[in-house]
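Enquirer: Pasting coords.cif here (mmCIF, C-alpha atoms):
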data_data
#
loop_
_atom_site.label_atom_id
_atom_site.label_comp_id
_atom_site.auth_asym_id
_atom_site.auth_seq_id
_atom_site.Cartn_x
_atom_site.Cartn_y
_atom_site.Cartn_z
CA MET A 16 77.65 -54.24 5.31
CA SER A 17 76.05 -53.02 2.09
CA GLU A 18 77.20 -49.91 0.25
CA ARG A 19 73.74 -48.54 1.11
CA ASP A 20 73.98 -48.90 4.90
CA PHE A 21 73.95 -45.22 5.87
CA THR A 22 74.36 -43.81 9.34
CA LYS A 23 73.01 -40.46 10.54
CA VAL A 24 75.77 -37.96 11.29
CA SER A 25 73.64 -35.02 12.42
CA GLU A 26 70.16 -33.57 12.34
CA GLU A 27 69.02 -29.98 12.58
CA GLN A 28 65.43 -28.77 12.82
CA VAL A 29 64.76 -26.06 10.25
CA TYR A 30 60.97 -25.65 10.60
CA ASP A 31 58.64 -26.32 13.53
CA GLY A 32 54.98 -26.40 12.54
CA ARG A 33 51.66 -27.40 14.01
CA ILE A 34 51.54 -30.95 12.62
CA ILE A 35 54.86 -31.37 10.83
CA THR A 36 58.44 -30.38 11.42
CA VAL A 37 61.22 -30.22 8.84
CA VAL A 38 64.75 -31.35 9.59
CA LYS A 39 67.99 -31.37 7.65
CA GLY A 40 69.84 -34.60 8.26
CA VAL A 41 73.36 -35.49 7.20
CA PHE A 42 73.92 -39.19 6.43
CA ARG A 43 77.19 -40.99 5.78
CA TYR A 44 77.67 -44.00 3.52
CA PRO A 45 80.35 -46.73 3.91
CA ASP A 46 82.32 -45.27 1.00
CA GLY A 47 82.62 -42.01 2.93
CA GLU A 48 80.14 -39.99 0.91
CA GLU A 49 77.84 -37.75 2.91
CA ALA A 50 74.34 -36.82 1.80
CA GLU A 51 72.20 -33.99 3.16
CA ARG A 52 68.49 -34.76 3.18
CA GLU A 53 65.52 -32.53 3.88
CA ILE A 54 63.01 -34.66 5.80
CA VAL A 55 59.44 -33.78 6.79
CA ARG A 56 58.58 -35.39 10.11
CA HIS A 57 54.93 -36.36 10.63
CA PRO A 58 53.37 -38.31 13.53
CA GLY A 59 51.84 -40.93 11.19
CA ALA A 60 48.28 -42.03 10.62
CA VAL A 61 45.91 -44.95 10.59
CA GLY A 62 43.32 -45.86 7.94
CA MET A 63 40.41 -48.27 8.29
CA VAL A 64 38.88 -50.45 5.56
CA ALA A 65 35.52 -50.94 7.28
CA VAL A 66 33.45 -53.50 5.43
CA ASP A 67 30.21 -55.44 5.86
CA ASP A 68 28.56 -57.95 3.51
CA THR A 69 27.43 -55.32 1.02
CA HIS A 70 29.36 -52.07 1.58
CA VAL A 71 32.70 -50.52 2.38
CA TRP A 72 32.29 -47.41 4.52
CA LEU A 73 33.92 -44.36 2.96
CA VAL A 74 33.84 -40.64 3.69
CA ARG A 75 33.97 -37.44 1.69
CA GLN A 76 35.74 -34.45 3.14
CA PRO A 77 37.39 -31.22 2.05
CA ARG A 78 41.15 -31.45 1.54
CA GLU A 79 42.71 -28.02 1.22
CA ALA A 80 46.18 -29.37 0.33
CA ALA A 81 44.68 -31.19 -2.66
CA ASP A 82 42.36 -28.30 -3.57
CA ASP A 83 39.44 -30.76 -3.44
CA PRO A 84 36.25 -30.19 -1.42
CA ASP A 85 35.01 -33.78 -1.88
CA MET A 86 37.92 -36.20 -1.57
CA LEU A 87 36.73 -39.81 -1.36
CA GLU A 88 38.63 -41.64 1.39
CA ILE A 89 38.56 -44.48 3.84
CA PRO A 90 38.06 -43.28 7.44
CA ALA A 91 41.39 -42.32 8.95
CA GLY A 92 43.08 -40.30 11.61
CA LYS A 93 46.44 -38.92 12.66
CA LEU A 94 48.41 -40.59 15.44
CA ASP A 95 48.22 -37.43 17.49
CA GLU A 96 47.35 -38.77 20.94
CA GLU A 97 50.40 -39.28 23.12
CA GLY A 98 51.23 -42.96 23.45
CA GLU A 99 48.11 -44.27 21.74
CA GLU A 100 48.70 -47.45 19.73
CA PRO A 101 47.75 -47.29 16.01
CA LEU A 102 45.01 -49.90 16.45
CA ASP A 103 43.47 -47.92 19.33
CA THR A 104 43.57 -44.74 17.22
CA GLY A 105 41.81 -46.71 14.49
CA LYS A 106 39.06 -47.84 16.85
CA ARG A 107 38.59 -44.32 18.19
CA GLU A 108 38.54 -42.71 14.73
CA LEU A 109 36.14 -45.32 13.31
CA ALA A 110 33.61 -44.37 15.99
CA GLU A 111 34.23 -40.63 15.62
CA GLU A 112 34.11 -40.56 11.81
CA ILE A 113 31.40 -43.05 10.89
CA GLY A 114 29.78 -44.04 14.22
CA LYS A 115 30.78 -47.70 14.01
CA LYS A 116 32.71 -50.26 15.99
CA ALA A 117 34.12 -53.53 14.66
CA GLU A 118 34.30 -57.05 16.11
CA ARG A 119 37.33 -58.07 14.07
CA TRP A 120 40.43 -56.05 13.24
CA GLU A 121 43.25 -57.20 11.00
CA HIS A 122 46.45 -55.37 10.05
CA LEU A 123 46.71 -55.08 6.25
CA THR A 124 49.97 -53.18 5.73
CA THR A 125 52.00 -50.22 6.94
CA PHE A 126 53.58 -47.93 4.38
CA PHE A 127 55.44 -44.66 3.95
CA THR A 128 53.34 -42.10 2.08
CA SER A 129 56.24 -40.23 0.45
CA VAL A 130 59.41 -42.16 1.06
CA GLY A 131 61.78 -39.64 -0.49
CA VAL A 132 60.94 -36.66 1.69
CA MET A 133 58.70 -37.62 4.63
CA ASP A 134 58.72 -40.12 7.51
CA GLU A 135 54.91 -40.39 7.72
CA GLN A 136 53.71 -43.99 7.94
CA VAL A 137 50.09 -45.09 7.48
CA HIS A 138 48.91 -48.21 9.28
CA LEU A 139 46.04 -49.84 7.39
CA TYR A 140 43.51 -52.10 9.10
CA LEU A 141 40.59 -54.18 7.92
CA ALA A 142 37.58 -53.73 10.24
CA GLU A 143 34.78 -56.32 10.05
CA GLY A 144 31.74 -57.22 12.12
CA LEU A 145 30.50 -53.62 12.17
CA SER A 146 27.78 -52.29 14.46
CA ASP A 147 26.55 -48.82 15.35
CA HIS A 148 28.61 -47.05 18.01
CA GLN A 149 27.74 -43.38 18.17
CA VAL A 150 30.14 -41.03 19.92
CA GLU A 151 30.29 -37.26 20.01
CA PRO A 152 32.49 -36.33 17.05
CA PRO A 153 35.22 -33.77 17.73
CA ASP A 154 34.98 -30.44 15.95
CA HIS A 155 37.47 -31.24 13.23
CA ASN A 156 35.23 -33.94 11.80
CA GLU A 157 32.12 -31.87 11.24
CA ARG A 158 32.41 -31.53 7.46
CA ILE A 159 32.75 -35.28 6.92
CA GLU A 160 30.03 -36.97 4.88
CA ILE A 161 29.63 -40.72 5.46
CA VAL A 162 29.38 -42.68 2.21
CA PRO A 163 28.39 -46.37 2.36
CA TRP A 164 29.84 -47.61 -0.95
CA PRO A 165 28.40 -50.78 -2.58
CA LEU A 166 31.03 -53.52 -2.85
CA GLU A 167 29.73 -54.35 -6.32
CA LYS A 168 30.91 -50.88 -7.40
CA LEU A 169 34.35 -51.09 -5.79
CA ASP A 170 36.03 -50.47 -9.16
CA ASP A 171 34.34 -47.06 -9.33
CA ALA A 172 35.71 -46.00 -5.94
CA ILE A 173 39.21 -47.13 -6.94
CA ALA A 174 38.89 -45.13 -10.17
CA GLU A 175 37.63 -42.01 -8.37
CA THR A 176 39.77 -41.65 -5.26
CA ARG A 177 43.05 -39.74 -5.47
CA ASP A 178 44.19 -40.64 -1.95
CA SER A 179 47.10 -43.06 -1.42
CA LYS A 180 45.80 -44.86 1.68
CA THR A 181 42.36 -45.29 0.08
CA LEU A 182 43.85 -46.74 -3.11
CA VAL A 183 45.99 -49.20 -1.18
CA GLY A 184 43.15 -50.15 1.17
CA LEU A 185 40.50 -50.64 -1.52
CA LEU A 186 42.87 -52.54 -3.84
CA MET A 187 43.77 -54.86 -0.94
CA LEU A 188 40.07 -55.29 -0.13
CA GLN A 189 39.28 -56.15 -3.75
CA ARG A 190 42.08 -58.73 -3.80
CA ARG A 191 40.57 -60.45 -0.73
CA LEU A 192 37.07 -60.45 -2.15
CA GLN A 193 38.11 -62.22 -5.33
CA MET B 29 27.41 -24.89 -3.55
CA SER B 30 28.29 -27.54 -0.98
CA GLU B 31 29.13 -26.70 2.62
CA ARG B 32 32.57 -28.05 1.78
CA ASP B 33 33.36 -25.68 -1.14
CA PHE B 34 36.21 -23.73 0.40
CA THR B 35 38.03 -20.78 -1.14
CA LYS B 36 41.58 -19.73 -0.38
CA VAL B 37 41.79 -16.43 1.46
CA SER B 38 45.55 -16.10 1.79
CA GLU B 39 48.78 -18.04 1.67
CA GLU B 40 52.10 -17.32 3.32
CA GLN B 41 55.33 -19.22 2.79
CA VAL B 42 56.86 -20.25 6.10
CA TYR B 43 59.70 -22.50 4.92
CA ASP B 44 61.65 -22.58 1.68
CA GLY B 45 63.66 -25.76 1.21
CA ARG B 46 65.58 -27.54 -1.50
CA ILE B 47 62.77 -29.81 -2.69
CA ILE B 48 59.77 -28.76 -0.62
CA THR B 49 58.32 -25.54 0.65
CA VAL B 50 55.83 -25.13 3.49
CA VAL B 51 52.98 -22.63 3.34
CA LYS B 52 50.28 -21.56 5.75
CA GLY B 53 47.02 -21.13 3.91
CA VAL B 54 43.78 -19.67 5.21
CA PHE B 55 40.62 -21.15 3.68
CA ARG B 56 37.03 -19.94 4.06
CA TYR B 57 33.94 -22.14 4.01
CA PRO B 58 30.42 -21.07 2.89
CA ASP B 59 29.26 -20.94 6.52
CA GLY B 60 31.92 -18.30 7.21
CA GLU B 61 34.31 -20.49 9.12
CA GLU B 62 37.99 -20.03 8.33
CA ALA B 63 40.56 -22.79 8.62
CA GLU B 64 44.33 -22.38 8.70
CA ARG B 65 46.21 -25.25 7.10
CA GLU B 66 49.91 -26.05 7.02
CA ILE B 67 50.66 -27.40 3.56
CA VAL B 68 53.88 -28.95 2.25
CA ARG B 69 54.35 -28.12 -1.42
CA HIS B 70 56.20 -30.70 -3.51
CA PRO B 71 56.75 -30.75 -7.29
CA GLY B 72 55.18 -34.22 -7.68
CA ALA B 73 56.55 -37.45 -9.03
CA VAL B 74 56.06 -40.22 -11.53
CA GLY B 75 56.30 -43.98 -10.97
CA MET B 76 56.62 -46.70 -13.61
CA VAL B 77 55.26 -50.25 -13.44
CA ALA B 78 57.62 -51.71 -16.04
CA VAL B 79 56.62 -55.25 -16.89
CA ASP B 80 57.49 -57.97 -19.41
CA ASP B 81 56.12 -61.50 -19.74
CA THR B 82 57.91 -62.82 -16.67
CA HIS B 83 59.09 -59.93 -14.50
CA VAL B 84 58.23 -56.53 -13.08
CA TRP B 85 61.31 -54.33 -12.86
CA LEU B 86 61.91 -53.01 -9.34
CA VAL B 87 64.77 -51.22 -7.62
CA ARG B 88 66.27 -51.15 -4.17
CA GLN B 89 67.65 -47.92 -2.85
CA PRO B 90 68.51 -46.22 0.43
CA ARG B 91 65.74 -43.99 1.83
CA GLU B 92 67.01 -41.84 4.66
CA ALA B 93 63.54 -40.47 5.54
CA ALA B 94 62.32 -44.02 6.12
CA ASP B 95 65.57 -45.10 7.85
CA ASP B 96 65.80 -47.97 5.36
CA PRO B 97 68.90 -48.74 3.23
CA ASP B 98 67.06 -51.24 1.00
CA MET B 99 63.57 -49.93 0.19
CA LEU B 100 61.91 -52.00 -2.55
CA GLU B 101 60.27 -49.67 -5.08
CA ILE B 102 59.09 -49.28 -8.62
CA PRO B 103 61.37 -46.99 -10.68
CA ALA B 104 60.33 -43.38 -10.13
CA GLY B 105 61.45 -39.80 -10.29
CA LYS B 106 60.56 -36.32 -9.20
CA LEU B 107 58.97 -33.88 -11.62
CA ASP B 108 61.91 -31.56 -11.24
CA GLU B 109 62.62 -30.58 -14.85
CA GLU B 110 60.97 -27.33 -15.82
CA GLY B 111 58.00 -27.91 -18.05
CA GLU B 112 58.59 -31.61 -18.57
CA GLU B 113 55.35 -33.63 -18.87
CA PRO B 114 54.93 -36.51 -16.35
CA LEU B 115 55.03 -39.13 -19.10
CA ASP B 116 58.30 -37.69 -20.46
CA THR B 117 59.78 -37.71 -16.97
CA GLY B 118 58.70 -41.34 -16.73
CA LYS B 119 60.43 -42.24 -19.98
CA ARG B 120 63.62 -40.42 -18.95
CA GLU B 121 63.70 -41.97 -15.48
CA LEU B 122 63.00 -45.49 -16.77
CA ALA B 123 66.12 -45.24 -18.92
CA GLU B 124 68.22 -43.63 -16.17
CA GLU B 125 67.16 -46.03 -13.39
CA ILE B 126 66.90 -49.41 -15.09
CA GLY B 127 68.28 -48.86 -18.60
CA LYS B 128 65.03 -49.66 -20.41
CA LYS B 129 62.62 -48.07 -22.82
CA ALA B 130 59.02 -49.14 -23.42
CA GLU B 131 56.90 -49.46 -26.58
CA ARG B 132 53.59 -48.99 -24.79
CA TRP B 133 52.73 -46.56 -21.98
CA GLU B 134 49.41 -46.44 -20.16
CA HIS B 135 48.32 -44.10 -17.37
CA LEU B 136 47.19 -46.13 -14.36
CA THR B 137 46.22 -43.49 -11.80
CA THR B 138 47.33 -40.23 -10.23
CA PHE B 139 47.10 -39.83 -6.48
CA PHE B 140 48.05 -37.55 -3.59
CA THR B 141 50.60 -39.20 -1.32
CA SER B 142 49.51 -37.50 1.92
CA VAL B 143 46.30 -35.64 1.27
CA GLY B 144 46.02 -33.98 4.68
CA VAL B 145 49.30 -32.14 4.65
CA MET B 146 51.01 -32.22 1.24
CA ASP B 147 50.17 -31.39 -2.38
CA GLU B 148 52.51 -34.01 -3.87
CA GLN B 149 50.86 -36.08 -6.61
CA VAL B 150 52.30 -39.28 -8.07
CA HIS B 151 51.45 -40.17 -11.67
CA LEU B 152 51.60 -43.93 -12.18
CA TYR B 153 52.20 -45.49 -15.59
CA LEU B 154 52.29 -49.03 -16.91
CA ALA B 155 55.26 -49.53 -19.27
CA GLU B 156 55.22 -52.55 -21.56
CA GLY B 157 57.20 -53.73 -24.57
CA LEU B 158 60.53 -53.22 -22.79
CA SER B 159 63.91 -53.20 -24.47
CA ASP B 160 67.40 -52.21 -23.39
CA HIS B 161 68.13 -48.48 -23.58
CA GLN B 162 71.29 -47.61 -21.72
CA VAL B 163 71.91 -43.98 -20.83
CA GLU B 164 74.47 -42.42 -18.55
CA PRO B 165 72.76 -42.37 -15.14
CA PRO B 166 73.01 -39.09 -13.20
CA ASP B 167 74.95 -39.10 -9.95
CA HIS B 168 71.92 -39.35 -7.67
CA ASN B 169 71.07 -42.82 -8.99
CA GLU B 170 74.36 -44.52 -8.26
CA ARG B 171 73.19 -46.48 -5.23
CA ILE B 172 70.20 -47.98 -7.01
CA GLU B 173 70.15 -51.77 -7.43
CA ILE B 174 68.00 -53.09 -10.27
CA VAL B 175 65.77 -56.00 -9.19
CA PRO B 176 63.90 -57.97 -11.88
CA TRP B 177 61.09 -59.47 -9.76
CA PRO B 178 59.31 -62.64 -10.97
CA LEU B 179 55.63 -62.01 -11.64
CA GLU B 180 54.80 -65.34 -10.02
CA LYS B 181 56.10 -63.91 -6.75
CA LEU B 182 54.23 -60.60 -6.99
CA ASP B 183 52.54 -61.27 -3.64
CA ASP B 184 55.95 -61.27 -1.96
CA ALA B 185 56.84 -57.84 -3.35
CA ILE B 186 53.48 -56.43 -2.21
CA ALA B 187 54.08 -57.89 1.25
CA GLU B 188 57.62 -56.49 1.47
CA THR B 189 57.45 -52.97 0.11
CA ARG B 190 56.59 -50.10 2.42
CA ASP B 191 56.31 -47.47 -0.32
CA SER B 192 52.90 -46.05 -1.28
CA LYS B 193 53.47 -45.73 -5.05
CA THR B 194 54.89 -49.26 -5.22
CA LEU B 195 51.93 -50.73 -3.32
CA VAL B 196 49.43 -48.97 -5.57
CA GLY B 197 51.32 -49.86 -8.74
CA LEU B 198 51.87 -53.54 -7.91
CA LEU B 199 48.30 -54.03 -6.66
CA MET B 200 47.01 -52.51 -9.90
CA LEU B 201 49.34 -54.73 -11.90
CA GLN B 202 48.15 -57.81 -10.05
CA ARG B 203 44.53 -56.86 -10.72
CA ARG B 204 45.25 -56.67 -14.46
CA LEU B 205 47.09 -59.99 -14.54
CA GLN B 206 44.17 -61.88 -12.99
#
Could the structure of this file be written out as structure tokens, please?
Expert:
Amino acid sequence: MSERDFTKVSEEQVYDGRIITVVKGVFRYPDGEEAEREIVRHPGAVGMVAVDDTHVWLVRQPREAADDPDMLEIPAGKLDEEGEEPLDTGKRELAEEIGKKAERWEHLTTFFTSVGVMDEQVHLYLAEGLSDHQVEPPDHNERIEIVPWPLEKLDDAIAETRDSKTLVGLLMLQRRLQ
Amino acid sequence: MSERDFTKVSEEQVYDGRIITVVKGVFRYPDGEEAEREIVRHPGAVGMVAVDDTHVWLVRQPREAADDPDMLEIPAGKLDEEGEEPLDTGKRELAEEIGKKAERWEHLTTFFTSVGVMDEQVHLYLAEGLSDHQVEPPDHNERIEIVPWPLEKLDDAIAETRDSKTLVGLLMLQRRLQ
């Protein structure tokens, strides 16, 4: 057993919100030390790198937490449907956000957004073989602008976006295209 | 003015923690609609891609929020010193975490870790021209293992890590090395 193999001693919820909760956990290490950690719990999310021969399909949307009305992002959605698998959430959100479906899906990576304080994981997928698939978008998507971004200008999107999942997704896309 | 140009109407703190706070903000859009958003406030962080001719300098450390005793990450630190500039925090943390200083620093990108719910930004820097610079590490770093990672195996580190800043940093490094 490594000196880093902690076990959870206790956990207490200290805030119960609409999307997130906050807990205080106590963890014990093999040397006997105990550490109290404040952890934000989040249901997780999925992001889709939807690409055809000439474009990657991005969106712009207002992000109040970032004080930005025009954040450039890959399509994405929270894992907020009970029991829905990440890939199924991805398929649903791709249709709702940009009106597309994909023939081929491939898992790119899954990562923690803020590993020191939050348990949110983002599952990133590559979606290829796109075709139109219009569905009625839910209310929360109505301020989303669809932005087909030329692959030849991928560097510009990577330079502009300030969103973690979009940076990881577009950098992974660029690596595959080279 | 775009339909997405929101203004903040009010903000109320609903949780006050050790590192994070949670606020409920009300935002108004030009069409009159108001949206309530739960936002986690975090002081932000800095991450360092410290590289020499043969290695990128990584660390392994326990991350309770991710339930992982051995998360593979770039050296990093919270912006928790009053008034300290991100680059200065980066220099301090590079010495504290891996015992190095760098001749050349370059800003790579700054991104929001979880743009829907949190205001945390990570400032990423490339650090080159490394030399030994031992300082007394603070207590909170004592479980950190320093991992010099061969550049020729960069793909393996990108495949293993599950940390957003490390993915972005290593993918950007790989792009520069090609």
Enquirer: Restrict the distance test to all atoms listed in the file, flag each residue of chain B within 9 Å of chain A, and return the flagged residues as a tab-separated table (two decimals) with C-alpha atoms, keeping the file's coordinate frame.
Expert:
chain	number	residue	atom	x	y	z
B	30	SER	CA	28.29	-27.54	-0.98
B	31	GLU	CA	29.13	-26.70	2.62
B	32	ARG	CA	32.57	-28.05	1.78
B	33	ASP	CA	33.36	-25.68	-1.14
B	34	PHE	CA	36.21	-23.73	0.40
B	35	THR	CA	38.03	-20.78	-1.14
B	36	LYS	CA	41.58	-19.73	-0.38
B	42	VAL	CA	56.86	-20.25	6.10
B	43	TYR	CA	59.70	-22.50	4.92
B	45	GLY	CA	63.66	-25.76	1.21
B	46	ARG	CA	65.58	-27.54	-1.50
B	47	ILE	CA	62.77	-29.81	-2.69
B	48	ILE	CA	59.77	-28.76	-0.62
B	50	VAL	CA	55.83	-25.13	3.49
B	53	GLY	CA	47.02	-21.13	3.91
B	55	PHE	CA	40.62	-21.15	3.68
B	65	ARG	CA	46.21	-25.25	7.10
B	66	GLU	CA	49.91	-26.05	7.02
B	67	ILE	CA	50.66	-27.40	3.56
B	68	VAL	CA	53.88	-28.95	2.25
B	69	ARG	CA	54.35	-28.12	-1.42
B	89	GLN	CA	67.65	-47.92	-2.85
B	90	PRO	CA	68.51	-46.22	0.43
B	91	ARG	CA	65.74	-43.99	1.83
B	92	GLU	CA	67.01	-41.84	4.66
B	93	ALA	CA	63.54	-40.47	5.54
B	94	ALA	CA	62.32	-44.02	6.12
B	95	ASP	CA	65.57	-45.10	7.85
B	96	ASP	CA	65.80	-47.97	5.36
B	97	PRO	CA	68.90	-48.74	3.23
B	98	ASP	CA	67.06	-51.24	1.00
B	99	MET	CA	63.57	-49.93	0.19
B	137	THR	CA	46.22	-43.49	-11.80
B	138	THR	CA	47.33	-40.23	-10.23
B	139	PHE	CA	47.10	-39.83	-6.48
B	140	PHE	CA	48.05	-37.55	-3.59
B	141	THR	CA	50.60	-39.20	-1.32
B	142	SER	CA	49.51	-37.50	1.92
B	143	VAL	CA	46.30	-35.64	1.27
B	144	GLY	CA	46.02	-33.98	4.68
B	145	VAL	CA	49.30	-32.14	4.65
B	146	MET	CA	51.01	-32.22	1.24
B	147	ASP	CA	50.17	-31.39	-2.38
B	148	GLU	CA	52.51	-34.01	-3.87
B	149	GLN	CA	50.86	-36.08	-6.61
B	171	ARG	CA	73.19	-46.48	-5.23
B	172	ILE	CA	70.20	-47.98	-7.01
B	187	ALA	CA	54.08	-57.89	1.25
B	189	THR	CA	57.45	-52.97	0.11
B	190	ARG	CA	56.59	-50.10	2.42
B	191	ASP	CA	56.31	-47.47	-0.32
B	192	SER	CA	52.90	-46.05	-1.28
B	193	LYS	CA	53.47	-45.73	-5.05
B	195	LEU	CA	51.93	-50.73	-3.32
B	196	VAL	CA	49.43	-48.97	-5.57
B	199	LEU	CA	48.30	-54.03	-6.66
B	200	MET	CA	47.01	-52.51	-9.90
B	202	GLN	CA	48.15	-57.81	-10.05
B	203	ARG	CA	44.53	-56.86	-10.72
Enquirer: Give me the residues within 7 Å of region 121-134 of chain B as a ChimeraX atom specification, counting only C-alpha atoms and dropping any in the same chain fewer than 2 places off.
Expert: /B:103-105,117-119,136,153-165,169,174
Enquirer: Report the distance between CA of Gly72 (chain B) and CA of Ser38 (chain B) in Å, rounded to one decimal place.
Expert: 22.6 Å
Enquirer: CA of Leu188 (chain A) to CA of Val74 (chain A): how many Å, to one decimal?
Expert: 16.4 Å
Enquirer: CA of Val79 (chain B) and CA of Leu169 (chain A) are how many Å apart?
Expert: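 Atom-to-atom, CA of Val79 (chain B) to CA of Leu169 (chain A), that is 25.2 Å.
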Enquirer: Enumerate, as a list in words, the residues matched when the PyMOL selection byres ((chain B and resi 82) around 6) is run on the file above.
Expert: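 Listing what the PyMOL selection byres ((chain B and resi 82) around 6) selects in the shown file: Asp80, Asp81, His83, Pro178 and Leu179 of chain B.
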Enquirer: Between B:Pro176, B:His151, B:His135, B:Glu112, which has the minimum distance to Leu86 (chain B) (counting only C-alpha atoms)?
Expert: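 Smallest separation from Leu86 (chain B) among the options: B:Pro176.
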Enquirer: Tell me which of A:Val61, A:Val24, A:Val162, A:Leu192 sits closest to Asp103 (chain A), counting all atoms listed in the file.
Expert: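 Looking at the shortest contact to Asp103 (chain A), the residue is A:Val61.
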Enquirer: Kindly provide, as lines of an AutoDock Vina configuration file, the centre and edge lengths (Å, one decimal) of an axis-aligned box around all atoms of region 125-131 of chain A given in the file, with 4 Å on each side.
Expert:
center_x = 56.9
center_y = -44.9
center_z = 3.2
size_x = 17.8
size_y = 18.6
size_z = 15.4
